[in-house]
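S.K.: Contents are mmCIF, C-alpha atoms; file name structure.cif:
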data_my_file
#
loop_
_atom_site.label_atom_id
_atom_site.label_comp_id
_atom_site.auth_asym_id
_atom_site.auth_seq_id
_atom_site.Cartn_x
_atom_site.Cartn_y
_atom_site.Cartn_z
CA MET U 1 0.00 0.00 0.00
CA VAL U 2 1.28 3.41 -0.99
CA THR U 3 1.02 5.92 1.81
CA SER U 4 0.83 9.68 1.70
CA VAL U 5 0.02 12.11 4.50
CA LEU U 6 -0.97 15.10 2.40
CA ASN U 7 -3.93 13.77 0.46
CA TYR U 8 -7.48 14.44 1.63
CA GLY U 9 -8.70 11.21 3.18
CA ARG U 10 -5.64 8.94 3.06
CA SER U 11 -7.77 6.48 1.13
CA GLY U 12 -8.27 6.36 -2.59
CA VAL U 13 -11.94 5.36 -2.37
CA HIS U 14 -12.67 8.14 0.11
CA ASP U 15 -11.08 10.80 -2.11
CA TRP U 16 -12.85 9.34 -5.14
CA ILE U 17 -16.29 9.51 -3.51
CA VAL U 18 -15.72 13.02 -2.10
CA GLN U 19 -14.52 14.22 -5.52
CA ARG U 20 -17.63 12.93 -7.26
CA PHE U 21 -20.12 14.01 -4.57
CA SER U 22 -18.63 17.53 -4.42
CA ALA U 23 -18.80 17.70 -8.22
CA LEU U 24 -22.55 16.97 -8.04
CA VAL U 25 -23.06 19.68 -5.41
CA LEU U 26 -21.12 22.22 -7.49
CA ALA U 27 -23.02 21.27 -10.65
CA ALA U 28 -26.38 21.70 -8.87
CA TYR U 29 -25.27 25.03 -7.37
CA THR U 30 -24.10 26.28 -10.77
CA LEU U 31 -27.46 25.33 -12.32
CA VAL U 32 -29.40 27.19 -9.58
CA MET U 33 -27.25 30.32 -9.85
CA VAL U 34 -27.20 30.42 -13.66
CA GLY U 35 -30.94 29.66 -13.74
CA TRP U 36 -31.78 32.43 -11.28
CA LEU U 37 -29.54 34.94 -13.07
CA ALA U 38 -31.07 33.98 -16.44
CA MET U 39 -34.53 34.73 -15.07
CA ASN U 40 -33.61 37.94 -13.20
CA GLY U 41 -30.35 39.08 -14.72
CA SER U 42 -31.27 41.73 -17.29
CA ASP U 43 -32.34 44.49 -14.84
CA LEU U 44 -31.03 43.13 -11.56
CA THR U 45 -30.96 45.50 -8.57
CA PHE U 46 -28.82 45.19 -5.48
CA LEU U 47 -31.92 44.68 -3.30
CA GLN U 48 -33.13 41.79 -5.47
CA TRP U 49 -29.69 40.17 -5.32
CA GLN U 50 -29.43 40.69 -1.56
CA GLY U 51 -32.93 39.35 -1.08
CA PHE U 52 -32.09 36.21 -3.06
CA MET U 53 -28.78 35.59 -1.36
CA GLY U 54 -30.22 36.38 2.09
CA GLN U 55 -32.68 33.53 2.09
CA THR U 56 -31.74 30.81 4.57
CA TRP U 57 -31.89 27.97 2.03
CA ILE U 58 -29.58 29.71 -0.42
CA ARG U 59 -27.18 30.57 2.41
CA ILE U 60 -27.05 26.93 3.46
CA PHE U 61 -26.73 25.82 -0.17
CA SER U 62 -23.94 28.35 -0.76
CA LEU U 63 -22.07 27.17 2.34
CA LEU U 64 -22.41 23.57 1.12
CA ALA U 65 -21.04 24.67 -2.27
CA ILE U 66 -18.09 26.42 -0.61
CA VAL U 67 -17.23 23.33 1.45
CA ALA U 68 -17.60 21.18 -1.67
CA MET U 69 -15.32 23.57 -3.58
CA ALA U 70 -12.71 23.36 -0.83
CA ALA U 71 -12.65 19.54 -0.84
CA HIS U 72 -12.86 19.30 -4.64
CA ALA U 73 -10.05 21.81 -5.19
CA TRP U 74 -7.77 20.16 -2.65
CA ILE U 75 -8.19 16.62 -4.01
CA GLY U 76 -7.88 17.80 -7.61
CA LEU U 77 -4.84 20.03 -7.14
CA TRP U 78 -3.14 17.52 -4.84
CA THR U 79 -3.49 14.99 -7.67
CA VAL U 80 -2.14 17.44 -10.27
CA ALA U 81 0.78 18.37 -8.00
CA THR U 82 1.74 14.75 -7.27
CA ASP U 83 1.58 13.97 -10.99
CA TYR U 84 3.61 16.85 -12.36
CA MET U 85 5.73 18.33 -9.56
CA LYS U 86 8.61 15.96 -8.94
CA HIS U 87 10.61 18.35 -6.76
CA ARG U 88 9.40 17.81 -3.21
CA GLY U 89 10.09 21.34 -1.96
CA LEU U 90 8.29 22.89 -4.92
CA ARG U 91 5.33 20.53 -4.50
CA VAL U 92 4.96 21.11 -0.75
CA GLY U 93 5.27 24.87 -1.28
CA PHE U 94 2.64 24.82 -4.01
CA LEU U 95 0.28 22.72 -1.88
CA GLY U 96 0.84 25.06 1.06
CA LEU U 97 -0.23 28.03 -1.08
CA ILE U 98 -3.28 26.10 -2.26
CA ALA U 99 -4.21 25.17 1.34
CA ILE U 100 -3.95 28.78 2.49
CA SER U 101 -5.97 30.03 -0.51
CA ILE U 102 -8.72 27.48 0.11
CA PHE U 103 -8.82 28.37 3.81
CA VAL U 104 -9.10 32.08 2.98
CA TYR U 105 -11.90 31.40 0.47
CA VAL U 106 -13.85 29.34 3.02
CA VAL U 107 -13.55 31.91 5.83
CA TRP U 108 -14.24 34.81 3.47
CA GLY U 109 -17.23 32.97 1.98
CA VAL U 110 -18.69 32.27 5.41
CA SER U 111 -18.25 35.90 6.46
CA ILE U 112 -19.98 37.12 3.26
CA LEU U 113 -22.84 34.67 3.62
CA TRP U 114 -23.54 34.91 7.35
CA GLY U 115 -21.97 38.26 8.20
CA PHE U 116 -24.78 40.55 7.10
CA MET K 117 11.39 2.70 -47.18
CA LEU K 118 12.91 5.13 -44.70
CA ILE K 119 13.23 3.67 -41.21
CA SER K 120 14.24 6.04 -38.43
CA ILE K 121 15.50 4.14 -35.39
CA TYR K 122 16.33 5.33 -31.89
CA ARG K 123 19.94 4.43 -31.21
CA TYR K 124 21.82 4.57 -27.93
CA ASN K 125 24.87 2.65 -26.83
CA PRO K 126 25.89 3.84 -23.35
CA GLU K 127 29.46 2.65 -23.95
CA THR K 128 30.07 4.82 -27.02
CA ASP K 129 27.28 7.44 -27.24
CA ARG K 130 27.03 10.44 -24.99
CA GLU K 131 23.33 10.75 -25.78
CA PRO K 132 20.69 8.97 -27.84
CA TYR K 133 20.14 9.88 -31.50
CA MET K 134 17.84 8.90 -34.36
CA GLN K 135 19.45 6.94 -37.21
CA ASP K 136 17.79 7.09 -40.63
CA ILE K 137 18.19 3.93 -42.68
CA ASP K 138 16.91 3.32 -46.19
CA VAL K 139 15.67 -0.25 -46.44
CA ASP K 140 14.99 -1.99 -49.76
CA MET K 141 11.63 -3.65 -49.24
CA PRO K 142 10.96 -6.91 -51.13
CA GLU K 143 8.34 -6.38 -53.87
CA GLY K 144 4.81 -7.64 -53.37
CA LYS K 145 5.30 -8.69 -49.78
CA ASP K 146 4.04 -7.06 -46.57
CA LEU K 147 6.66 -7.52 -43.85
CA MET K 148 6.20 -7.20 -40.12
CA VAL K 149 8.19 -4.46 -38.36
CA LEU K 150 10.33 -7.15 -36.72
CA ASP K 151 11.27 -8.56 -40.17
CA VAL K 152 12.46 -5.09 -41.20
CA LEU K 153 14.53 -4.78 -38.01
CA ASN K 154 16.06 -8.18 -38.82
CA LEU K 155 16.94 -6.92 -42.34
CA ILE K 156 18.67 -3.93 -40.77
CA LYS K 157 20.50 -6.10 -38.25
CA GLU K 158 21.89 -8.27 -41.06
CA LYS K 159 23.78 -5.18 -42.25
CA ASP K 160 24.43 -3.53 -38.88
CA GLU K 161 24.74 -6.09 -36.13
CA THR K 162 25.15 -3.44 -33.43
CA LEU K 163 21.38 -2.75 -33.52
CA SER K 164 19.85 -4.20 -30.34
CA TYR K 165 16.28 -5.25 -29.68
CA ARG K 166 14.52 -8.07 -27.86
CA ARG K 167 12.60 -10.74 -29.74
CA SER K 168 11.89 -14.39 -29.31
CA CYS K 169 8.77 -16.17 -30.56
CA ARG K 170 8.11 -13.75 -33.47
CA GLU K 171 4.37 -14.49 -33.35
CA GLY K 172 2.93 -12.26 -30.62
CA VAL K 173 3.01 -14.79 -27.80
CA CYS K 174 6.17 -14.07 -25.79
CA GLY K 175 5.77 -10.29 -25.53
CA SER K 176 9.48 -9.53 -25.94
CA ASP K 177 9.42 -7.05 -28.81
CA GLY K 178 7.14 -4.34 -27.46
CA MET K 179 8.23 -1.01 -28.97
CA ASN K 180 6.91 2.33 -30.14
CA MET K 181 6.20 2.40 -33.88
CA ASN K 182 5.21 5.74 -35.42
CA GLY K 183 4.07 6.89 -31.99
CA LYS K 184 2.03 3.84 -31.01
CA ASN K 185 3.14 0.97 -28.80
CA GLY K 186 2.80 -2.55 -30.12
CA LEU K 187 4.58 -5.83 -30.79
CA ALA K 188 6.93 -5.49 -33.77
CA CYS K 189 6.42 -9.13 -34.77
CA ILE K 190 2.68 -8.85 -35.40
CA THR K 191 2.54 -5.27 -36.67
CA PRO K 192 2.53 -5.18 -40.49
CA ILE K 193 4.55 -2.36 -42.06
CA SER K 194 1.54 -1.49 -44.23
CA GLU K 195 -0.43 -0.76 -41.05
CA VAL K 196 2.00 1.63 -39.33
CA ALA K 197 4.17 3.26 -42.00
CA LYS K 198 3.08 6.73 -43.05
CA ASN K 199 4.31 8.32 -46.31
CA ASN K 200 6.77 5.45 -46.70
CA LYS K 201 8.39 6.31 -43.36
CA LEU K 202 8.54 4.48 -40.05
CA VAL K 203 9.90 5.82 -36.76
CA VAL K 204 10.86 3.13 -34.24
CA ARG K 205 11.54 4.03 -30.63
CA PRO K 206 11.83 2.03 -27.39
CA LEU K 207 8.78 1.78 -25.10
CA PRO K 208 8.27 5.24 -23.53
CA GLY K 209 8.75 5.93 -19.85
CA LEU K 210 11.26 3.18 -19.02
CA PRO K 211 15.05 3.61 -18.80
CA VAL K 212 16.81 2.64 -22.04
CA ILE K 213 19.56 0.04 -21.67
CA ARG K 214 20.60 0.11 -25.33
CA ASP K 215 18.83 0.99 -28.61
CA LEU K 216 15.30 -0.52 -28.36
CA VAL K 217 15.99 -2.49 -25.17
CA VAL K 218 14.44 -1.01 -22.03
CA ASP K 219 14.87 -1.78 -18.35
CA MET K 220 11.54 -3.32 -17.26
CA ALA K 221 12.44 -3.67 -13.54
CA ILE K 222 9.84 -1.17 -12.31
CA PHE K 223 7.17 -2.81 -14.48
CA TYR K 224 7.92 -6.22 -12.97
CA LYS K 225 8.06 -4.72 -9.49
CA GLN K 226 4.47 -3.51 -9.87
CA TYR K 227 3.47 -6.95 -11.17
CA GLU K 228 5.14 -8.59 -8.18
CA ARG K 229 3.38 -6.19 -5.82
CA ILE K 230 -0.12 -7.43 -6.69
CA LYS K 231 0.92 -11.00 -5.70
CA PRO K 232 0.18 -12.67 -9.03
CA TYR K 233 -0.51 -16.14 -7.67
CA LEU K 234 -3.46 -17.97 -6.19
CA GLN K 235 -3.72 -17.61 -2.41
CA ASN K 236 -5.74 -20.32 -0.74
CA THR K 237 -5.02 -21.89 2.65
CA THR K 238 -7.96 -24.34 2.63
CA PRO K 239 -6.79 -27.85 1.67
CA ALA K 240 -8.14 -28.83 -1.74
CA SER K 241 -11.00 -31.32 -1.50
CA GLY K 242 -9.73 -33.49 -4.34
CA ARG K 243 -6.59 -33.52 -6.41
CA GLU K 244 -7.28 -30.03 -7.72
CA ARG K 245 -9.55 -27.03 -7.12
CA LEU K 246 -12.34 -27.35 -9.62
CA GLN K 247 -14.17 -24.36 -11.05
CA SER K 248 -17.59 -24.18 -12.66
CA PRO K 249 -17.54 -23.11 -16.33
CA GLU K 250 -19.24 -19.85 -15.25
CA ASP K 251 -16.54 -19.04 -12.68
CA ARG K 252 -13.84 -19.94 -15.17
CA ALA K 253 -15.43 -17.64 -17.75
CA LYS K 254 -14.86 -14.67 -15.40
CA LEU K 255 -11.11 -15.00 -16.04
CA ASP K 256 -11.47 -14.59 -19.80
CA GLY K 257 -9.97 -11.34 -21.02
CA LEU K 258 -7.67 -11.28 -17.97
CA TYR K 259 -5.41 -14.34 -18.01
CA GLU K 260 -4.32 -13.81 -21.65
CA CYS K 261 -1.94 -10.94 -20.74
CA ILE K 262 1.64 -11.61 -21.90
CA LEU K 263 3.25 -8.76 -19.89
CA CYS K 264 4.69 -7.04 -22.95
CA ALA K 265 4.30 -3.65 -21.17
CA CYS K 266 2.79 -1.93 -24.23
CA CYS K 267 -0.17 -0.74 -22.10
CA SER K 268 1.65 0.48 -18.98
CA THR K 269 4.27 2.36 -21.01
CA SER K 270 1.55 4.17 -22.97
CA CYS K 271 -0.12 5.35 -19.75
CA PRO K 272 0.74 8.91 -18.56
CA SER K 273 -0.22 8.02 -14.98
CA PHE K 274 2.38 5.25 -15.11
CA TRP K 275 4.95 7.64 -16.59
CA TRP K 276 4.42 10.17 -13.76
CA ASN K 277 4.21 7.71 -10.85
CA PRO K 278 5.68 4.35 -11.87
CA GLU K 279 6.64 3.49 -8.26
CA LYS K 280 3.15 4.18 -6.89
CA PHE K 281 0.56 3.57 -9.62
CA VAL K 282 0.36 -0.16 -10.37
CA GLY K 283 -0.34 0.50 -14.05
CA PRO K 284 -2.80 -1.16 -16.43
CA ALA K 285 -0.89 -4.45 -16.82
CA GLY K 286 -0.50 -4.93 -13.06
CA LEU K 287 -4.10 -3.96 -12.36
CA LEU K 288 -5.43 -6.32 -15.03
CA GLN K 289 -3.60 -9.13 -13.21
CA ALA K 290 -4.74 -7.83 -9.82
CA TYR K 291 -8.33 -8.19 -11.02
CA ARG K 292 -7.56 -11.61 -12.53
CA PHE K 293 -6.95 -12.86 -8.95
CA LEU K 294 -9.75 -10.78 -7.39
CA ALA K 295 -12.18 -12.35 -9.87
CA ASP K 296 -10.95 -15.89 -9.23
CA ASN K 297 -13.37 -17.72 -6.89
CA ARG K 298 -10.56 -20.07 -5.77
CA ASP K 299 -8.59 -17.17 -4.29
CA GLU K 300 -9.18 -16.42 -0.60
CA ALA K 301 -7.13 -13.24 -0.21
CA THR K 302 -9.69 -10.83 -1.75
CA SER K 303 -9.86 -8.63 1.33
CA GLU K 304 -6.06 -8.38 1.73
CA ARG K 305 -5.65 -7.70 -1.97
CA LEU K 306 -8.18 -4.86 -1.85
CA SER K 307 -6.54 -3.39 1.27
CA GLU K 308 -3.24 -3.22 -0.63
CA LEU K 309 -4.90 -1.23 -3.42
CA ASP K 310 -7.02 1.19 -1.37
CA ASP K 311 -4.77 4.25 -1.52
CA PRO K 312 -4.89 7.35 -3.74
CA PHE K 313 -2.21 6.03 -6.14
CA SER K 314 -2.28 2.28 -6.78
CA VAL K 315 -5.66 2.16 -8.55
CA PHE K 316 -7.11 5.66 -8.42
CA ARG K 317 -4.43 7.30 -10.56
CA CYS K 318 -6.23 5.72 -13.50
CA ARG K 319 -8.05 8.58 -15.22
CA GLY K 320 -9.71 6.30 -17.73
CA ILE K 321 -8.07 7.69 -20.87
CA MET K 322 -7.88 4.12 -22.25
CA ASN K 323 -4.48 4.35 -23.98
CA CYS K 324 -3.96 0.84 -22.57
CA VAL K 325 -7.01 -0.50 -24.40
CA SER K 326 -6.04 1.14 -27.67
CA VAL K 327 -2.53 -0.39 -27.74
CA CYS K 328 -3.02 -3.87 -26.22
CA PRO K 329 -1.78 -6.34 -28.86
CA LYS K 330 -3.94 -9.06 -27.33
CA GLY K 331 -7.12 -6.95 -27.46
CA LEU K 332 -7.57 -6.89 -23.67
CA ASN K 333 -9.31 -4.15 -21.69
CA PRO K 334 -7.41 -3.04 -18.55
CA THR K 335 -9.68 0.01 -18.08
CA LYS K 336 -12.68 -2.28 -17.64
CA ALA K 337 -10.78 -4.41 -15.09
CA ILE K 338 -9.76 -1.26 -13.20
CA GLY K 339 -13.44 -0.26 -13.14
CA HIS K 340 -14.29 -3.62 -11.56
CA ILE K 341 -11.57 -3.16 -8.90
CA ARG K 342 -12.94 0.32 -8.13
CA ASP K 343 -16.44 -1.12 -7.79
CA MET K 344 -15.14 -3.77 -5.37
CA LEU K 345 -13.30 -1.13 -3.31
CA LEU K 346 -16.40 1.06 -3.33
CA SER K 347 -18.83 -1.64 -2.24
CA ARG K 348 -16.42 -2.73 0.48
CA ALA K 349 -16.19 0.86 1.78
CA THR K 350 -19.89 1.74 1.75
#
Starting from the file, give its structure as structure tokens.
M.R.:
Amino acid sequence: MVTSVLNYGRSGVHDWIVQRFSALVLAAYTLVMVGWLAMNGSDLTFLQWQGFMGQTWIRIFSLLAIVAMAAHAWIGLWTVATDYMKHRGLRVGFLGLIAISIFVYVVWGVSILWGF
Amino acid sequence: MLISIYRYNPETDREPYMQDIDVDMPEGKDLMVLDVLNLIKEKDETLSYRRSCREGVCGSDGMNMNGKNGLACITPISEVAKNNKLVVRPLPGLPVIRDLVVDMAIFYKQYERIKPYLQNTTPASGRERLQSPEDRAKLDGLYECILCACCSTSCPSFWWNPEKFVGPAGLLQAYRFLADNRDEATSERLSELDDPFSVFRCRGIMNCVSVCPKGLNPTKAIGHIRDMLLSRAT
């Protein structure tokens, strides 16, 4: 068995399921957002947008999408890095940057969604 | 016909180079790539390549012909040559020992890792372990592999992580023993494969299927292994 401490779940099946489940969540979220914008987009006001994004269900859905994005991005970019970056220092540095970026996006997303 | 061959002799060459050779092809006859290599070797005996059975059974002469892996002995010139030209290179992704001869150690290491033998600690009831025709049929499309390495050396995932990703040839054999009802080590075998590299580096691009000289389907076998891992985990 090949071991690695930096991947998401330390198990191939676990990563595989999370990658596919998070893809479904992101696809559904994209459909809802694009659908809503298609119906309301041409003369959208700030109040309409705020009203839409302020609803509890869309806040929960958005948070789910953010968490899904975080997991999806980490598994995907960890895979890309371990395929193409053979220099360990470079790879760990790159993954560190990715981890920090994802963390910032999650915290920032939560503060936008629940902070107003 | 113009044959361009990858040449490298570590004792005399500082780096590999391509040698262009004009070969007079016999009229009205379609030769195999191996026959053409033999014609060249008659004139230049320093050219090195592996071959043995010359009929696609031993798997010795896997090489890259005009960009596609295959067995030289069963690949007709008419099928691969383009504009009367043929480029012959060693299998990609493995260290070159000399000319078209590659070091297959890492390939065999991955094969060894999946324990390619029947594991059964229960004493056989008779002289041998019998199988029903249905159970035996499950091994069709798996046991025929000749380990020529055409599939694994055409797989980018194997190029990038040959020490960690088992590769299509190894995984086809892993499934051959997972699918065998006489084998008792299914759980241990799956545990050995349940990491992010061994099986899951397969991205399903099916290069392995497109090059296999025996017409086997490693991608399908990998799908079966993934299903087994998935149903065990959920």
S.K.: For the file shown, what are the residues hit by the PyMOL selection byres ((chain K) within 8 of (chain U)), laid out as a list of chain:residue names?
M.R.: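 When the PyMOL selection byres ((chain K) within 8 of (chain U)) is applied, the selected residues are K:Ser273, K:Trp276, K:Asn277, K:Lys280, K:Ser307, K:Glu308, K:Leu309, K:Asp310, K:Asp311, K:Pro312, K:Phe313, K:Ser314, K:Val315, K:Phe316, K:Arg342, K:Leu345, K:Leu346, K:Ala349.
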S.K.: Expressed in Å to a single decimal, how great is the separation between atom CA of Phe293 of chain K and atom CA of Gln226 of chain K?
M.R.: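 Distance reported for this atom pair: 14.8 Å.
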S.K.: Starting from the displayed file, determine the output of the PyMOL selection byres ((chain K and resi 261) around 12) and express the residue list as an NGL selection string.
M.R.: :K and (172-175 or 227 or 255-260 or 262-267 or 284-292 or 328-334)
S.K.: Restrict the selected residues to C-alpha atoms and save them as a tab-separated table (two decimals), in the coordinates of the input.
M.R.:
chain	number	residue	atom	x	y	z
K	172	GLY	CA	2.93	-12.26	-30.62
K	173	VAL	CA	3.01	-14.79	-27.80
K	174	CYS	CA	6.17	-14.07	-25.79
K	175	GLY	CA	5.77	-10.29	-25.53
K	227	TYR	CA	3.47	-6.95	-11.17
K	255	LEU	CA	-11.11	-15.00	-16.04
K	256	ASP	CA	-11.47	-14.59	-19.80
K	257	GLY	CA	-9.97	-11.34	-21.02
K	258	LEU	CA	-7.67	-11.28	-17.97
K	259	TYR	CA	-5.41	-14.34	-18.01
K	260	GLU	CA	-4.32	-13.81	-21.65
K	262	ILE	CA	1.64	-11.61	-21.90
K	263	LEU	CA	3.25	-8.76	-19.89
K	264	CYS	CA	4.69	-7.04	-22.95
K	265	ALA	CA	4.30	-3.65	-21.17
K	266	CYS	CA	2.79	-1.93	-24.23
K	267	CYS	CA	-0.17	-0.74	-22.10
K	284	PRO	CA	-2.80	-1.16	-16.43
K	285	ALA	CA	-0.89	-4.45	-16.82
K	286	GLY	CA	-0.50	-4.93	-13.06
K	287	LEU	CA	-4.10	-3.96	-12.36
K	288	LEU	CA	-5.43	-6.32	-15.03
K	289	GLN	CA	-3.60	-9.13	-13.21
K	290	ALA	CA	-4.74	-7.83	-9.82
K	291	TYR	CA	-8.33	-8.19	-11.02
K	292	ARG	CA	-7.56	-11.61	-12.53
K	328	CYS	CA	-3.02	-3.87	-26.22
K	329	PRO	CA	-1.78	-6.34	-28.86
K	330	LYS	CA	-3.94	-9.06	-27.33
K	331	GLY	CA	-7.12	-6.95	-27.46
K	332	LEU	CA	-7.57	-6.89	-23.67
K	333	ASN	CA	-9.31	-4.15	-21.69
K	334	PRO	CA	-7.41	-3.04	-18.55
S.K.: Please enumerate the residues selected by the PyMOL selection byres ((chain K and resi 187-192) around 9) when evaluated against the supplied file, formatted as a list in words.
M.R.: Asp146, Leu147, Met148, Val149, Leu150, Asp151, Leu153, Arg167, Cys169, Arg170, Glu171, Gly172, Gly175, Ser176, Asp177, Gly178, Met179, Asn180, Met181, Asn185, Gly186, Ile193, Ser194, Glu195, Val196, Ala197, Cys264, Cys266 and Pro329 of chain K
S.K.: Could you check how far atom CA of Glu131 of chain K sits from atom CA of Ile213 of chain K, in Å to one decimal?
M.R.: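 Pair atom CA of Glu131 of chain K / atom CA of Ile213 of chain K returns 12.1 Å.
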